[in-house]
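S.K.: File start-v5.cif follows (mmCIF, C-alpha atoms):
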```cif
data_structure
#
loop_
_atom_site.label_atom_id
_atom_site.label_comp_id
_atom_site.auth_asym_id
_atom_site.auth_seq_id
_atom_site.Cartn_x
_atom_site.Cartn_y
_atom_site.Cartn_z
CA MET H 1 -10.56 132.33 -65.02
CA ALA H 2 -11.80 130.90 -68.31
CA ASN H 3 -15.41 131.41 -69.19
CA LEU H 4 -17.98 129.06 -70.71
CA VAL H 5 -20.05 131.25 -73.03
CA GLY H 6 -22.31 128.62 -74.50
CA GLY H 7 -23.18 125.07 -75.41
CA LEU H 8 -23.96 124.20 -79.00
CA GLY H 9 -25.46 121.03 -80.40
CA THR H 10 -25.38 120.05 -84.05
CA SER H 11 -25.49 117.19 -86.52
CA HIS H 12 -22.26 116.30 -88.33
CA VAL H 13 -23.62 114.50 -91.42
CA PRO H 14 -20.79 114.18 -94.01
CA SER H 15 -23.00 115.12 -96.95
CA ILE H 16 -23.32 118.59 -95.38
CA GLY H 17 -19.61 119.11 -96.03
CA LEU H 18 -19.97 117.56 -99.45
CA ALA H 19 -22.87 119.91 -100.29
CA LEU H 20 -20.64 122.87 -99.37
CA ASP H 21 -17.76 121.46 -101.44
CA LYS H 22 -20.06 121.15 -104.45
CA GLY H 23 -21.51 124.66 -104.02
CA LEU H 24 -24.99 123.32 -103.22
CA ARG H 25 -25.62 125.60 -100.23
CA ASP H 26 -28.59 127.21 -101.94
CA ALA H 27 -29.89 124.14 -103.81
CA PRO H 28 -33.54 123.35 -102.96
CA ASP H 29 -32.60 120.19 -100.99
CA TRP H 30 -30.14 122.10 -98.81
CA LYS H 31 -31.12 125.76 -98.53
CA PRO H 32 -33.67 125.34 -95.71
CA PHE H 33 -31.13 123.29 -93.79
CA PHE H 34 -28.29 125.82 -94.10
CA ASP H 35 -30.57 128.82 -93.58
CA GLY H 36 -31.45 127.44 -90.15
CA TYR H 37 -27.81 127.79 -89.09
CA VAL H 38 -27.58 131.52 -89.90
CA PRO H 39 -28.69 132.58 -86.38
CA GLY H 40 -26.20 130.12 -84.86
CA GLN H 41 -23.40 131.66 -86.93
CA GLY H 42 -24.53 135.11 -85.80
CA TRP H 43 -24.37 133.99 -82.18
CA VAL H 44 -20.80 132.73 -82.68
CA ARG H 45 -19.72 136.00 -84.32
CA GLU H 46 -21.22 137.97 -81.46
CA HIS H 47 -19.73 135.84 -78.66
CA LYS H 48 -16.27 135.42 -80.23
CA PRO H 49 -15.15 132.24 -78.50
CA ASP H 50 -11.40 131.55 -78.28
CA VAL H 51 -11.64 127.79 -77.80
CA ALA H 52 -14.11 125.21 -79.10
CA VAL H 53 -14.30 121.87 -77.32
CA VAL H 54 -15.85 119.49 -79.85
CA ILE H 55 -17.29 116.12 -78.85
CA PHE H 56 -17.71 113.76 -81.81
CA ASN H 57 -17.00 110.26 -82.97
CA ASP H 58 -14.51 109.05 -85.51
CA HIS H 59 -16.12 107.13 -88.40
CA GLY H 60 -13.49 104.53 -89.17
CA ASN H 61 -10.96 107.10 -90.28
CA SER H 62 -8.58 108.09 -87.47
CA PHE H 63 -9.07 104.76 -85.70
CA PHE H 64 -9.57 101.27 -87.11
CA LEU H 65 -11.00 98.34 -85.17
CA ASP H 66 -7.51 97.25 -84.09
CA LYS H 67 -7.51 99.94 -81.39
CA VAL H 68 -10.77 101.46 -80.23
CA PRO H 69 -10.55 104.02 -77.43
CA THR H 70 -13.83 104.53 -75.57
CA PHE H 71 -12.83 108.15 -74.96
CA ALA H 72 -9.86 109.91 -76.56
CA VAL H 73 -8.74 113.51 -76.13
CA GLY H 74 -6.58 115.39 -78.60
CA CYS H 75 -3.70 117.50 -77.28
CA ALA H 76 -2.01 118.19 -80.62
CA GLU H 77 -0.71 121.51 -81.98
CA GLU H 78 -2.67 120.92 -85.16
CA TYR H 79 -5.35 118.60 -86.52
CA ARG H 80 -5.36 118.06 -90.28
CA PRO H 81 -8.38 116.83 -92.25
CA ILE H 82 -8.02 113.10 -92.89
CA ASP H 83 -8.48 111.19 -96.15
CA GLU H 84 -11.79 109.36 -95.71
CA GLY H 85 -11.49 107.73 -99.14
CA TRP H 86 -12.13 110.75 -101.35
CA GLY H 87 -8.90 112.58 -100.50
CA PRO H 88 -8.52 115.09 -97.62
CA ARG H 89 -11.01 117.96 -97.91
CA ALA H 90 -9.67 121.40 -98.77
CA ILE H 91 -10.37 123.06 -95.44
CA PRO H 92 -7.75 124.63 -93.17
CA PRO H 93 -6.21 122.52 -90.39
CA PHE H 94 -7.50 123.14 -86.86
CA LYS H 95 -5.16 124.64 -84.27
CA GLY H 96 -5.14 122.83 -80.95
CA ALA H 97 -5.62 124.37 -77.49
CA VAL H 98 -2.73 122.21 -76.30
CA ASP H 99 -2.32 123.55 -72.78
CA PHE H 100 -6.01 123.33 -71.98
CA SER H 101 -6.21 119.80 -73.43
CA TRP H 102 -3.54 118.60 -71.01
CA HIS H 103 -5.24 120.39 -68.12
CA PHE H 104 -8.51 118.67 -69.04
CA ILE H 105 -6.81 115.27 -69.32
CA ASP H 106 -5.28 115.78 -65.85
CA LEU H 107 -8.70 116.46 -64.39
CA LEU H 108 -10.33 113.59 -66.23
CA VAL H 109 -7.89 111.09 -64.75
CA GLU H 110 -8.16 112.62 -61.29
CA ASN H 111 -11.92 112.13 -61.63
CA ARG H 112 -11.56 108.48 -62.72
CA PHE H 113 -11.99 108.96 -66.46
CA ASP H 114 -9.02 107.45 -68.28
CA PRO H 115 -8.92 108.67 -71.88
CA MET H 116 -6.56 107.82 -74.68
CA ILE H 117 -4.16 110.78 -75.10
CA CYS H 118 -3.55 111.84 -78.72
CA GLN H 119 -0.63 114.12 -79.58
CA GLU H 120 -0.79 113.42 -83.30
CA ILE H 121 -4.06 112.65 -85.00
CA GLU H 122 -5.97 113.65 -88.12
CA VAL H 123 -9.68 114.32 -87.91
CA ASP H 124 -12.71 113.44 -90.00
CA HIS H 125 -16.06 115.04 -90.83
CA GLY H 126 -17.22 114.50 -87.23
CA ILE H 127 -15.43 117.72 -86.24
CA GLN H 128 -15.08 119.36 -89.68
CA VAL H 129 -18.79 119.69 -90.41
CA PRO H 130 -19.81 121.25 -87.05
CA MET H 131 -16.98 123.80 -87.37
CA GLU H 132 -18.08 124.69 -90.90
CA LEU H 133 -21.71 124.98 -89.83
CA PHE H 134 -20.94 127.53 -87.11
CA TRP H 135 -17.82 129.27 -88.45
CA GLY H 136 -18.35 128.96 -92.22
CA ARG H 137 -15.29 128.58 -94.45
CA PRO H 138 -12.65 130.97 -93.11
CA ALA H 139 -9.10 131.00 -94.53
CA GLU H 140 -8.00 130.17 -90.99
CA TRP H 141 -10.18 129.02 -88.08
CA PRO H 142 -10.59 131.87 -85.59
CA VAL H 143 -10.74 129.42 -82.65
CA LYS H 144 -8.52 126.72 -81.24
CA VAL H 145 -10.06 123.30 -80.74
CA VAL H 146 -10.08 120.47 -78.22
CA PRO H 147 -11.33 117.27 -79.88
CA ILE H 148 -13.00 114.66 -77.70
CA PHE H 149 -13.54 111.37 -79.54
CA VAL H 150 -16.25 109.04 -78.22
CA ASN H 151 -16.62 105.47 -79.46
CA VAL H 152 -20.23 105.06 -80.56
CA ILE H 153 -19.57 102.39 -83.20
CA GLN H 154 -17.94 99.32 -81.65
CA TYR H 155 -20.06 97.87 -78.84
CA PRO H 156 -19.79 98.14 -75.94
CA VAL H 157 -20.16 101.91 -76.39
CA PRO H 158 -20.20 104.08 -73.24
CA LEU H 159 -23.37 104.74 -71.27
CA PRO H 160 -25.23 108.01 -71.88
CA SER H 161 -24.89 108.78 -68.16
CA ARG H 162 -21.12 108.44 -68.48
CA CYS H 163 -21.07 111.08 -71.22
CA TYR H 164 -23.08 113.38 -68.99
CA GLU H 165 -20.65 112.87 -66.09
CA MET H 166 -17.69 113.55 -68.34
CA GLY H 167 -19.28 116.91 -69.11
CA ARG H 168 -19.12 117.84 -65.42
CA VAL H 169 -15.36 117.26 -65.45
CA LEU H 170 -15.10 119.35 -68.60
CA ARG H 171 -16.87 122.21 -66.81
CA GLN H 172 -14.62 121.88 -63.80
CA SER H 173 -11.63 122.07 -66.16
CA ILE H 174 -12.88 125.28 -67.78
CA ASP H 175 -13.74 126.86 -64.42
CA SER H 176 -10.30 126.07 -63.02
CA TYR H 177 -8.31 127.09 -66.11
CA GLU H 178 -6.24 130.18 -65.41
CA THR H 179 -6.72 132.27 -68.53
CA ASP H 180 -9.54 134.60 -69.49
CA GLU H 181 -10.34 132.68 -72.66
CA ARG H 182 -13.89 132.20 -73.82
CA PHE H 183 -15.01 128.60 -74.37
CA VAL H 184 -17.83 127.02 -76.32
CA ILE H 185 -18.63 123.33 -76.24
CA LEU H 186 -20.06 121.54 -79.27
CA GLY H 187 -21.95 118.32 -78.74
CA THR H 188 -22.31 116.72 -82.16
CA GLY H 189 -23.99 113.86 -83.98
CA GLY H 190 -27.50 112.70 -84.75
CA LEU H 191 -30.25 113.28 -84.84
CA SER H 192 -32.24 110.18 -85.81
CA HIS H 193 -30.78 108.04 -88.59
CA GLN H 194 -30.02 104.44 -89.39
CA LEU H 195 -27.61 103.41 -92.13
CA GLN H 196 -27.51 99.63 -91.63
CA GLY H 197 -29.92 96.72 -91.67
CA ALA H 198 -33.42 96.40 -93.06
CA ARG H 199 -34.52 99.36 -90.90
CA ALA H 200 -32.06 101.61 -92.84
CA GLY H 201 -33.62 104.98 -93.55
CA PHE H 202 -35.37 105.12 -90.20
CA VAL H 203 -35.90 108.70 -89.01
CA ASN H 204 -38.00 109.85 -86.06
CA PRO H 205 -38.84 113.58 -86.30
CA GLU H 206 -41.09 113.54 -83.20
CA ALA H 207 -38.37 112.04 -81.04
CA ASP H 208 -35.83 114.46 -82.53
CA GLN H 209 -37.99 117.47 -81.66
CA ALA H 210 -38.53 116.12 -78.16
CA PHE H 211 -34.76 115.64 -77.78
CA LEU H 212 -34.13 119.27 -78.79
CA ASN H 213 -36.52 120.33 -76.01
CA ASP H 214 -35.24 117.89 -73.39
CA ILE H 215 -31.55 118.61 -73.95
CA ALA H 216 -32.25 122.08 -72.57
CA ALA H 217 -35.12 121.46 -70.13
CA ASP H 218 -34.67 117.91 -68.87
CA PRO H 219 -31.17 116.55 -69.56
CA ASP H 220 -31.33 114.23 -66.54
CA LYS H 221 -34.03 112.27 -68.33
CA LEU H 222 -31.84 111.88 -71.42
CA ALA H 223 -28.84 110.86 -69.32
CA ALA H 224 -30.88 108.16 -67.56
CA MET H 225 -31.90 106.46 -70.81
CA SER H 226 -30.21 103.22 -71.84
CA ARG H 227 -28.15 102.74 -74.99
CA GLU H 228 -30.86 100.43 -76.34
CA GLN H 229 -33.46 103.16 -75.88
CA TYR H 230 -31.28 105.53 -77.90
CA VAL H 231 -30.98 102.94 -80.69
CA GLU H 232 -34.67 102.22 -80.68
CA MET H 233 -35.70 105.86 -80.64
CA PHE H 234 -33.03 107.42 -82.88
CA GLY H 235 -31.74 104.49 -84.97
CA SER H 236 -28.51 102.51 -84.78
CA GLU H 237 -26.37 105.45 -85.92
CA GLY H 238 -28.63 108.10 -84.37
CA ALA H 239 -27.77 106.68 -80.94
CA GLU H 240 -24.61 108.81 -81.20
CA LEU H 241 -26.84 111.68 -79.98
CA MET H 242 -25.73 110.67 -76.50
CA MET H 243 -22.57 112.67 -77.21
CA TRP H 244 -24.56 115.90 -76.79
CA LEU H 245 -24.73 114.95 -73.11
CA VAL H 246 -21.02 115.73 -72.65
CA MET H 247 -21.79 119.30 -73.71
CA ARG H 248 -24.95 119.47 -71.62
CA GLY H 249 -23.24 118.00 -68.55
CA ALA H 250 -20.80 120.90 -68.67
CA MET H 251 -23.57 123.47 -68.45
CA ASP H 252 -25.65 124.64 -65.50
CA ARG H 253 -28.94 122.93 -64.74
CA GLU H 254 -30.75 126.11 -65.87
CA VAL H 255 -30.05 127.22 -69.41
CA VAL H 256 -31.53 129.64 -71.90
CA VAL H 257 -32.11 128.45 -75.47
CA ARG H 258 -30.94 131.14 -77.91
CA HIS H 259 -31.51 129.32 -81.21
CA LYS H 260 -32.91 126.03 -82.37
CA HIS H 261 -33.32 124.44 -85.78
CA TYR H 262 -34.56 121.15 -87.17
CA PHE H 263 -34.62 119.80 -90.71
CA VAL H 264 -35.30 116.35 -92.15
CA PRO H 265 -33.84 114.69 -94.15
CA ALA H 266 -30.26 115.88 -94.54
CA SER H 267 -29.13 112.95 -96.69
CA MET H 268 -30.57 110.12 -94.50
CA THR H 269 -30.64 112.02 -91.21
CA GLY H 270 -32.88 114.17 -89.06
CA ALA H 271 -30.59 117.18 -88.64
CA GLY H 272 -30.70 119.68 -85.82
CA MET H 273 -28.98 122.52 -84.03
CA ILE H 274 -29.28 124.21 -80.67
CA VAL H 275 -27.51 127.19 -79.08
CA MET H 276 -27.73 127.46 -75.29
CA GLU H 277 -26.28 129.71 -72.61
CA ASN H 278 -26.20 129.19 -68.88
CA LYS H 279 -29.11 131.14 -67.43
CA ALA H 280 -26.91 132.79 -64.79
CA SER H 281 -24.47 134.18 -67.36
CA ALA H 282 -27.27 135.18 -69.73
CA LEU H 283 -28.82 137.23 -66.90
CA SER H 284 -25.55 138.88 -65.91
CA GLU H 285 -24.93 139.73 -69.57
CA MET H 286 -28.32 141.44 -69.68
CA ALA H 287 -27.55 143.43 -66.54
CA ALA H 288 -24.18 144.59 -67.93
CA MET Z 289 -30.74 84.76 -92.61
CA PRO Z 290 -33.82 85.40 -90.49
CA GLU Z 291 -32.59 83.32 -87.56
CA GLU Z 292 -29.55 85.60 -87.24
CA ARG Z 293 -31.57 88.73 -87.60
CA ASP Z 294 -33.86 87.67 -84.80
CA GLN Z 295 -30.99 87.74 -82.36
CA ASP Z 296 -30.96 91.52 -82.57
CA ARG Z 297 -32.89 93.02 -79.71
CA ILE Z 298 -34.17 95.78 -81.93
CA PRO Z 299 -35.60 94.26 -85.13
CA ASP Z 300 -33.72 94.85 -88.40
CA THR Z 301 -31.08 96.83 -86.52
CA PRO Z 302 -27.66 95.16 -86.55
CA LEU Z 303 -25.54 96.58 -83.74
CA PHE Z 304 -21.81 96.32 -84.27
CA ASP Z 305 -21.14 94.02 -81.35
CA ARG Z 306 -18.36 91.58 -80.58
CA LYS Z 307 -19.75 88.88 -82.86
CA ARG Z 308 -20.08 91.14 -85.88
CA SER Z 309 -16.74 92.84 -85.27
CA LEU Z 310 -14.90 89.51 -85.15
CA ARG Z 311 -16.71 88.16 -88.16
CA GLY Z 312 -16.30 91.30 -90.23
CA TYR Z 313 -12.69 92.09 -89.37
CA ARG Z 314 -11.29 91.08 -92.79
CA ILE Z 315 -13.91 92.94 -94.82
CA ASN Z 316 -13.58 96.02 -92.67
CA LYS Z 317 -9.80 95.97 -92.79
CA MET Z 318 -9.91 95.65 -96.56
CA ALA Z 319 -12.30 98.61 -96.77
CA MET Z 320 -10.24 100.67 -94.31
CA GLY Z 321 -7.31 100.18 -96.69
CA LEU Z 322 -9.17 102.31 -99.24
CA SER Z 323 -8.29 105.39 -97.16
CA ASP Z 324 -4.93 105.13 -98.92
CA PRO Z 325 -4.81 106.42 -102.52
CA ALA Z 326 -2.39 103.64 -103.57
CA ASN Z 327 -4.87 101.01 -102.36
CA ARG Z 328 -7.73 102.73 -104.15
CA GLU Z 329 -5.70 102.44 -107.33
CA ALA Z 330 -4.97 98.75 -106.64
CA PHE Z 331 -8.69 98.12 -106.03
CA ARG Z 332 -9.52 99.83 -109.34
CA LEU Z 333 -6.90 97.92 -111.32
CA ASN Z 334 -7.59 94.43 -109.97
CA GLU Z 335 -10.31 94.25 -107.37
CA GLU Z 336 -10.05 90.53 -106.72
CA ALA Z 337 -6.29 90.65 -106.20
CA TYR Z 338 -6.78 93.53 -103.77
CA LEU Z 339 -9.41 91.54 -101.82
CA ASP Z 340 -7.09 88.52 -101.74
CA ARG Z 341 -4.44 90.59 -99.99
CA PHE Z 342 -6.80 90.79 -97.02
CA GLY Z 343 -7.67 87.07 -97.05
CA LEU Z 344 -11.36 87.50 -97.83
CA THR Z 345 -13.30 84.22 -98.12
CA PRO Z 346 -15.07 83.42 -101.41
CA GLU Z 347 -18.40 84.37 -99.78
CA GLU Z 348 -16.99 87.72 -98.67
CA LYS Z 349 -15.41 88.38 -102.06
CA THR Z 350 -18.70 87.69 -103.84
CA ALA Z 351 -20.53 90.09 -101.53
CA VAL Z 352 -18.01 92.87 -102.17
CA MET Z 353 -17.60 92.30 -105.92
CA SER Z 354 -21.35 92.21 -106.51
CA ARG Z 355 -21.76 95.35 -104.31
CA ASN Z 356 -24.24 93.42 -102.22
CA TRP Z 357 -24.43 95.86 -99.28
CA ARG Z 358 -26.96 93.84 -97.33
CA GLU Z 359 -24.75 90.77 -97.57
CA MET Z 360 -21.61 92.73 -96.63
CA VAL Z 361 -23.38 93.93 -93.48
CA ARG Z 362 -24.60 90.40 -92.77
CA LEU Z 363 -20.99 89.22 -92.96
CA GLY Z 364 -19.94 91.78 -90.36
CA GLY Z 365 -19.11 94.70 -92.62
CA ASN Z 366 -19.70 98.01 -90.88
CA LEU Z 367 -21.09 100.76 -93.03
CA PHE Z 368 -18.50 103.35 -92.02
CA PHE Z 369 -15.77 101.13 -93.44
CA ILE Z 370 -17.50 99.55 -96.43
CA LEU Z 371 -18.75 103.00 -97.51
CA LYS Z 372 -15.18 103.67 -98.67
CA ILE Z 373 -15.89 101.30 -101.56
CA SER Z 374 -18.22 104.01 -102.83
CA ALA Z 375 -15.25 106.38 -103.05
CA VAL Z 376 -13.82 104.11 -105.74
CA ASP Z 377 -17.08 102.96 -107.32
CA PRO Z 378 -19.53 105.80 -106.64
CA VAL Z 379 -23.00 105.06 -105.30
CA GLU Z 380 -25.28 107.27 -103.20
CA LEU Z 381 -25.66 106.54 -99.50
CA THR Z 382 -29.43 106.49 -99.98
CA GLU Z 383 -29.01 103.78 -102.66
CA ILE Z 384 -27.06 101.69 -100.15
CA GLY Z 385 -29.87 102.31 -97.67
CA ALA Z 386 -32.56 101.35 -100.15
CA HIS Z 387 -30.71 98.16 -101.04
CA GLN Z 388 -30.58 97.09 -97.39
CA ALA Z 389 -34.23 97.98 -96.85
CA GLY Z 390 -35.08 95.91 -99.92
CA MET Z 391 -36.80 98.89 -101.52
CA ASP Z 392 -36.76 100.73 -104.78
CA HIS Z 393 -34.67 103.94 -104.39
CA ASP Z 394 -37.53 106.36 -105.09
CA ALA Z 395 -39.88 104.52 -102.76
CA PHE Z 396 -37.15 104.53 -100.10
CA LEU Z 397 -36.69 108.30 -100.38
CA ARG Z 398 -40.41 108.87 -100.23
CA GLU Z 399 -41.54 106.36 -97.63
CA ARG Z 400 -38.58 106.24 -95.26
CA LEU Z 401 -37.13 109.73 -95.57
CA GLY Z 402 -40.32 111.64 -96.34
CA LYS Z 403 -39.00 113.19 -99.58
CA LYS Z 404 -41.67 114.59 -101.87
#
```
Let me see whether you can do it: turn the structure in this file into C-alpha cells.
M.R.:
Amino acid sequence: MANLVGGLGTSHVPSIGLALDKGLRDAPDWKPFFDGYVPGQGWVREHKPDVAVVIFNDHGNSFFLDKVPTFAVGCAEEYRPIDEGWGPRAIPPFKGAVDFSWHFIDLLVENRFDPMICQEIEVDHGIQVPMELFWGRPAEWPVKVVPIFVNVIQYPVPLPSRCYEMGRVLRQSIDSYETDERFVILGTGGLSHQLQGARAGFVNPEADQAFLNDIAADPDKLAAMSREQYVEMFGSEGAELMMWLVMRGAMDREVVVRHKHYFVPASMTGAGMIVMENKASALSEMAA
Amino acid sequence: MPEERDQDRIPDTPLFDRKRSLRGYRINKMAMGLSDPANREAFRLNEEAYLDRFGLTPEEKTAVMSRNWREMVRLGGNLFFILKISAVDPVELTEIGAHQAGMDHDAFLRERLGKK
C-alpha cells in the first residue's frame, strides 16, 4: 500500500523562479527567503518521496477564460513548462504518475467530484516554483507528479470546505493504491497578497502567521471560512491559500510540524512554507 | 468610477466575477495572445494593429497603449493576463501595483510592503 509521508505547504510566487533564473538566490532581498527553505529541502532528501501531488492554480497560461475547469487533474506522461510570455523556463519537464492519476480520478468521481481530465497539458509557475523550492534544480526531477489545478481566478471559485473535502478523497486514493510508493502532497499559493485594485500591495503578516499555525492545529476552522473572508484577510490573490486545504484534508487530524518559515515581502507577497507529518506515522518512525 | 468600485463587497478589491469577465474578455484575450512569440513580435511591430485584431474598443485601446493598469483593470482586464504586456514592454509588478494604488513606487514599497 502506498504511503503518505508528509504534507508540505508553500508559496508559488513567480518572481521566486525568476530570482533563481537570474542567480539572485543570495541577493539581500532573497537570501533570507531561500535560506528558510533549506530545512524543507533537507526533509525531502531524507524522506525520498516517489510521487508529489501538487495542488495549484493556473495563472492564465494553460487555460484561458474560454474554458475554466473548477478542478482539473493531470494524467499525462509528461508536463512541460509553458510559455507565460517570456518563453518557457529552462527547467526539466515533470514526469507524470499516470496510473495513480487515473486511480485518483476514478475515486474523485465515485465520491461526487467531477474534475476535468487532462492527458496533455503544459504547466506554469504554480507547480514549477514549489518543485524548485523543495527539490532545487536537478537535471531531472527525482519524483513523478500529479498536478491538481484549482480555479481561484474566475468567480465563482470553489468553497474552501470543498477543497478540504477533496483532500479526503486524495488520502483515500493514496491509502488504496497498490504500490509501496511514498507520496508527498504540496498545497501551494499565498500567503497574503493583492495584485489588483486600489488595495494592491495589501499584505497581512499577522493573518499569515496565524494561518501557518491553524493549518496544522485547527484546519477545520480554516475550512469553515467563506471565500469572502479569505479575500478580506489575505487579499484578492491571497485567497488562493484555500488550496492548502486539499493537502491538509488528506492528512490525519493530528499532525506534527517539522519545519515552518515565513518571509515578507517576496515580490508583493507574504511567503511561507510548512512541512508536516501525520502524528501517527511520525511516532511509528521514532519507534522504528 | 467610484460608483462601480462601491459595488465590491470588499473595498478597493475587484473580484474577477461574471461582470468583469464578460466586460474584459477582449482585453484578456488580446493579452493571452502574447503567450505566443509571433504575437509578441506583432505587438512590438504595430501595437495598434495587434489590438485591432482582437476588436478592442477605442477606450480599451487607449488604456492598453498608455499602459494605464488601473484603467485596464477597471475595464475588466485581469492582472494574470494583462501582465503578459510586461513581457513585451518590461515593467516591475510592484510598479503596476503602485500605479493601481495611486502611489509613488518607493512609497508603495515602503508603506504597503514594509520594505526599508
S.K.: Within 8 Å of (-25.0, 130.6, -71.5), in the coordinates the file gives, what residues turn up when you count only C-alpha atoms, written out as a PyMOL selection string?
M.R.: chain H and resi 4-7+251+255-256+276-282
S.K.: Write out as a ChimeraX atom specification which residues come within 8 Å of Z:Arg314 when counting only C-alpha atoms, dropping same-chain ones fewer than 6 positions away.
M.R.: /Z:342-344
S.K.: Just to confirm, what's the straight-line distance from atom CA of H:Gly197 to atom CA of H:Phe33 in Å (one decimal)?
M.R.: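 Between atom CA of H:Gly197 and atom CA of H:Phe33 the gap works out to 26.7 Å.
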S.K.: Which residues match the PyMOL selection byres ((chain H) within 7 of (chain Z)) in the file above, as a list of chain:residue names?
M.R.: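 Residues picked by the PyMOL selection byres ((chain H) within 7 of (chain Z)): H:His59, H:Gly60, H:Asp83, H:Glu84, H:Gly85, H:Trp86, H:Ile153, H:Gln154, H:Tyr155, H:Pro156, H:Leu195, H:Gln196, H:Gly197, H:Ala198, H:Arg199, H:Ala200, H:Gly201, H:Phe202, H:Val203, H:Glu232, H:Ser236, H:Pro265, H:Met268.
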S.K.: Can you work out the spacing between atom CA of H:Arg45 and atom CA of H:Asn213 in Å, to one decimal?
M.R.: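 These atoms are spaced 24.4 Å apart.
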S.K.: Residues near H:Ser101, anyone? I mean within 7 Å using only C-alpha atoms, not counting same-chain ones fewer than 6 positions away, as a list of chain:residue names.
M.R.: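 These residues fall inside the cut-off: H:Gly74, H:Cys75, H:Val146.
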S.K.: Could you check how far atom CA of H:Met233 sits from atom CA of H:Gly190, in Å to one decimal?
M.R.: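 Taking atom CA of H:Met233 and atom CA of H:Gly190, their separation equals 11.4 Å.
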S.K.: Please write as number ranges by chain the full residue list that the PyMOL selection byres ((chain H and resi 168) around 8) yields on this file.
M.R.: H: 164-167, 169-172, 246, 249-251
S.K.: Take the residues just selected and output them with C-alpha atoms as an mmCIF file, in the coordinates of the input.
M.R.:
```
data_model
loop_
_atom_site.group_PDB
_atom_site.id
_atom_site.type_symbol
_atom_site.label_atom_id
_atom_site.label_comp_id
_atom_site.auth_asym_id
_atom_site.auth_seq_id
_atom_site.Cartn_x
_atom_site.Cartn_y
_atom_site.Cartn_z
ATOM 1 C CA TYR H 164 -23.080 113.380 -68.990
ATOM 2 C CA GLU H 165 -20.650 112.870 -66.090
ATOM 3 C CA MET H 166 -17.690 113.550 -68.340
ATOM 4 C CA GLY H 167 -19.280 116.910 -69.110
ATOM 5 C CA VAL H 169 -15.360 117.260 -65.450
ATOM 6 C CA LEU H 170 -15.100 119.350 -68.600
ATOM 7 C CA ARG H 171 -16.870 122.210 -66.810
ATOM 8 C CA GLN H 172 -14.620 121.880 -63.800
ATOM 9 C CA VAL H 246 -21.020 115.730 -72.650
ATOM 10 C CA GLY H 249 -23.240 118.000 -68.550
ATOM 11 C CA ALA H 250 -20.800 120.900 -68.670
ATOM 12 C CA MET H 251 -23.570 123.470 -68.450
#
```
S.K.: Considering all atoms listed in the file, return as a list of chain:residue names whatever protein or nucleic-acid residues lie within 9 Å of H:Arg227, sequence-local ones (same chain, fewer than 3 positions apart) excluded.
M.R.: H:Val157, H:Pro158, H:Leu159, H:Pro160, H:Tyr230, H:Val231, H:Glu232, H:Ala239, H:Met242
S.K.: Step by step, work through what the PyMOL selection byres ((chain H and resi 238) around 6) selects in the shown file, and finish by giving those residues as a PyMOL selection string.
M.R.: chain H and resi 190-193+234-237+239-241
S.K.: List the neighbours of H:Ile274 out to 7 Å using only C-alpha atoms; skip same-chain residues closer than 6 positions along the sequence, and give me the result as a list of chain:residue names.
M.R.: H:Leu8, H:Gly9, H:Thr10, H:His259, H:Lys260, H:His261
S.K.: Fewer than 3 positions away in the same chain doesn't count, so skip those; otherwise give me all residues within 9 Å of Z:Lys349, counting only C-alpha atoms, as number ranges by chain.
M.R.: Z: 315, 336, 339-340, 344-346, 352-354
S.K.: Emit as lines of an AutoDock Vina configuration file the padded axis-aligned box for all listed atoms of stretch 231-247 of chain H, 5 Å per side, with centre and edge lengths in Å to one decimal.
M.R.:
```
center_x = -28.4
center_y = 110.8
center_z = -79.3
size_x = 24.7
size_y = 27.1
size_z = 23.3
```
S.K.: Please check which residues have atoms at most 8 Å from (-20.7, 117.8, -90.5) in the file's coordinates, counting only C-alpha atoms, and write them as a list in words.
M.R.: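 Here the neighbourhood of the point contains Ser11, His12, Val13, Pro14, Ser15, Ile16, Gly17, His125, Gly126, Ile127, Gln128, Val129, Pro130, Met131, Glu132 and Leu133 of chain H.
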S.K.: Mind filling out stretch 79-88 of chain H with N, CA and C atoms and sending it as an mmCIF file, keeping the file's coordinate frame?
M.R.:
```cif
data_model
loop_
_atom_site.group_PDB
_atom_site.id
_atom_site.type_symbol
_atom_site.label_atom_id
_atom_site.label_comp_id
_atom_site.auth_asym_id
_atom_site.auth_seq_id
_atom_site.Cartn_x
_atom_site.Cartn_y
_atom_site.Cartn_z
ATOM 1 N N TYR H 79 -4.578 119.765 -86.078
ATOM 2 C CA TYR H 79 -5.350 118.600 -86.520
ATOM 3 C C TYR H 79 -5.680 118.794 -87.993
ATOM 4 N N ARG H 80 -5.112 117.946 -88.835
ATOM 5 C CA ARG H 80 -5.360 118.060 -90.280
ATOM 6 C C ARG H 80 -6.554 117.208 -90.679
ATOM 7 N N PRO H 81 -7.291 117.661 -91.718
ATOM 8 C CA PRO H 81 -8.380 116.830 -92.250
ATOM 9 C C PRO H 81 -7.831 115.515 -92.805
ATOM 10 N N ILE H 82 -8.505 114.424 -92.499
ATOM 11 C CA ILE H 82 -8.020 113.100 -92.890
ATOM 12 C C ILE H 82 -8.619 112.684 -94.237
ATOM 13 N N ASP H 83 -7.956 111.789 -94.914
ATOM 14 C CA ASP H 83 -8.480 111.190 -96.150
ATOM 15 C C ASP H 83 -9.474 110.093 -95.778
ATOM 16 N N GLU H 84 -10.752 110.337 -96.063
ATOM 17 C CA GLU H 84 -11.790 109.360 -95.710
ATOM 18 C C GLU H 84 -12.056 108.401 -96.875
ATOM 19 N N GLY H 85 -11.308 108.564 -97.953
ATOM 20 C CA GLY H 85 -11.490 107.730 -99.140
ATOM 21 C C GLY H 85 -11.590 108.572 -100.397
ATOM 22 N N TRP H 86 -11.942 109.837 -100.216
ATOM 23 C CA TRP H 86 -12.130 110.750 -101.350
ATOM 24 C C TRP H 86 -11.001 111.775 -101.416
ATOM 25 N N GLY H 87 -9.966 111.588 -100.615
ATOM 26 C CA GLY H 87 -8.900 112.580 -100.500
ATOM 27 C C GLY H 87 -9.241 113.555 -99.382
ATOM 28 N N PRO H 88 -8.222 114.140 -98.709
ATOM 29 C CA PRO H 88 -8.520 115.090 -97.620
ATOM 30 C C PRO H 88 -9.257 116.305 -98.160
#
```
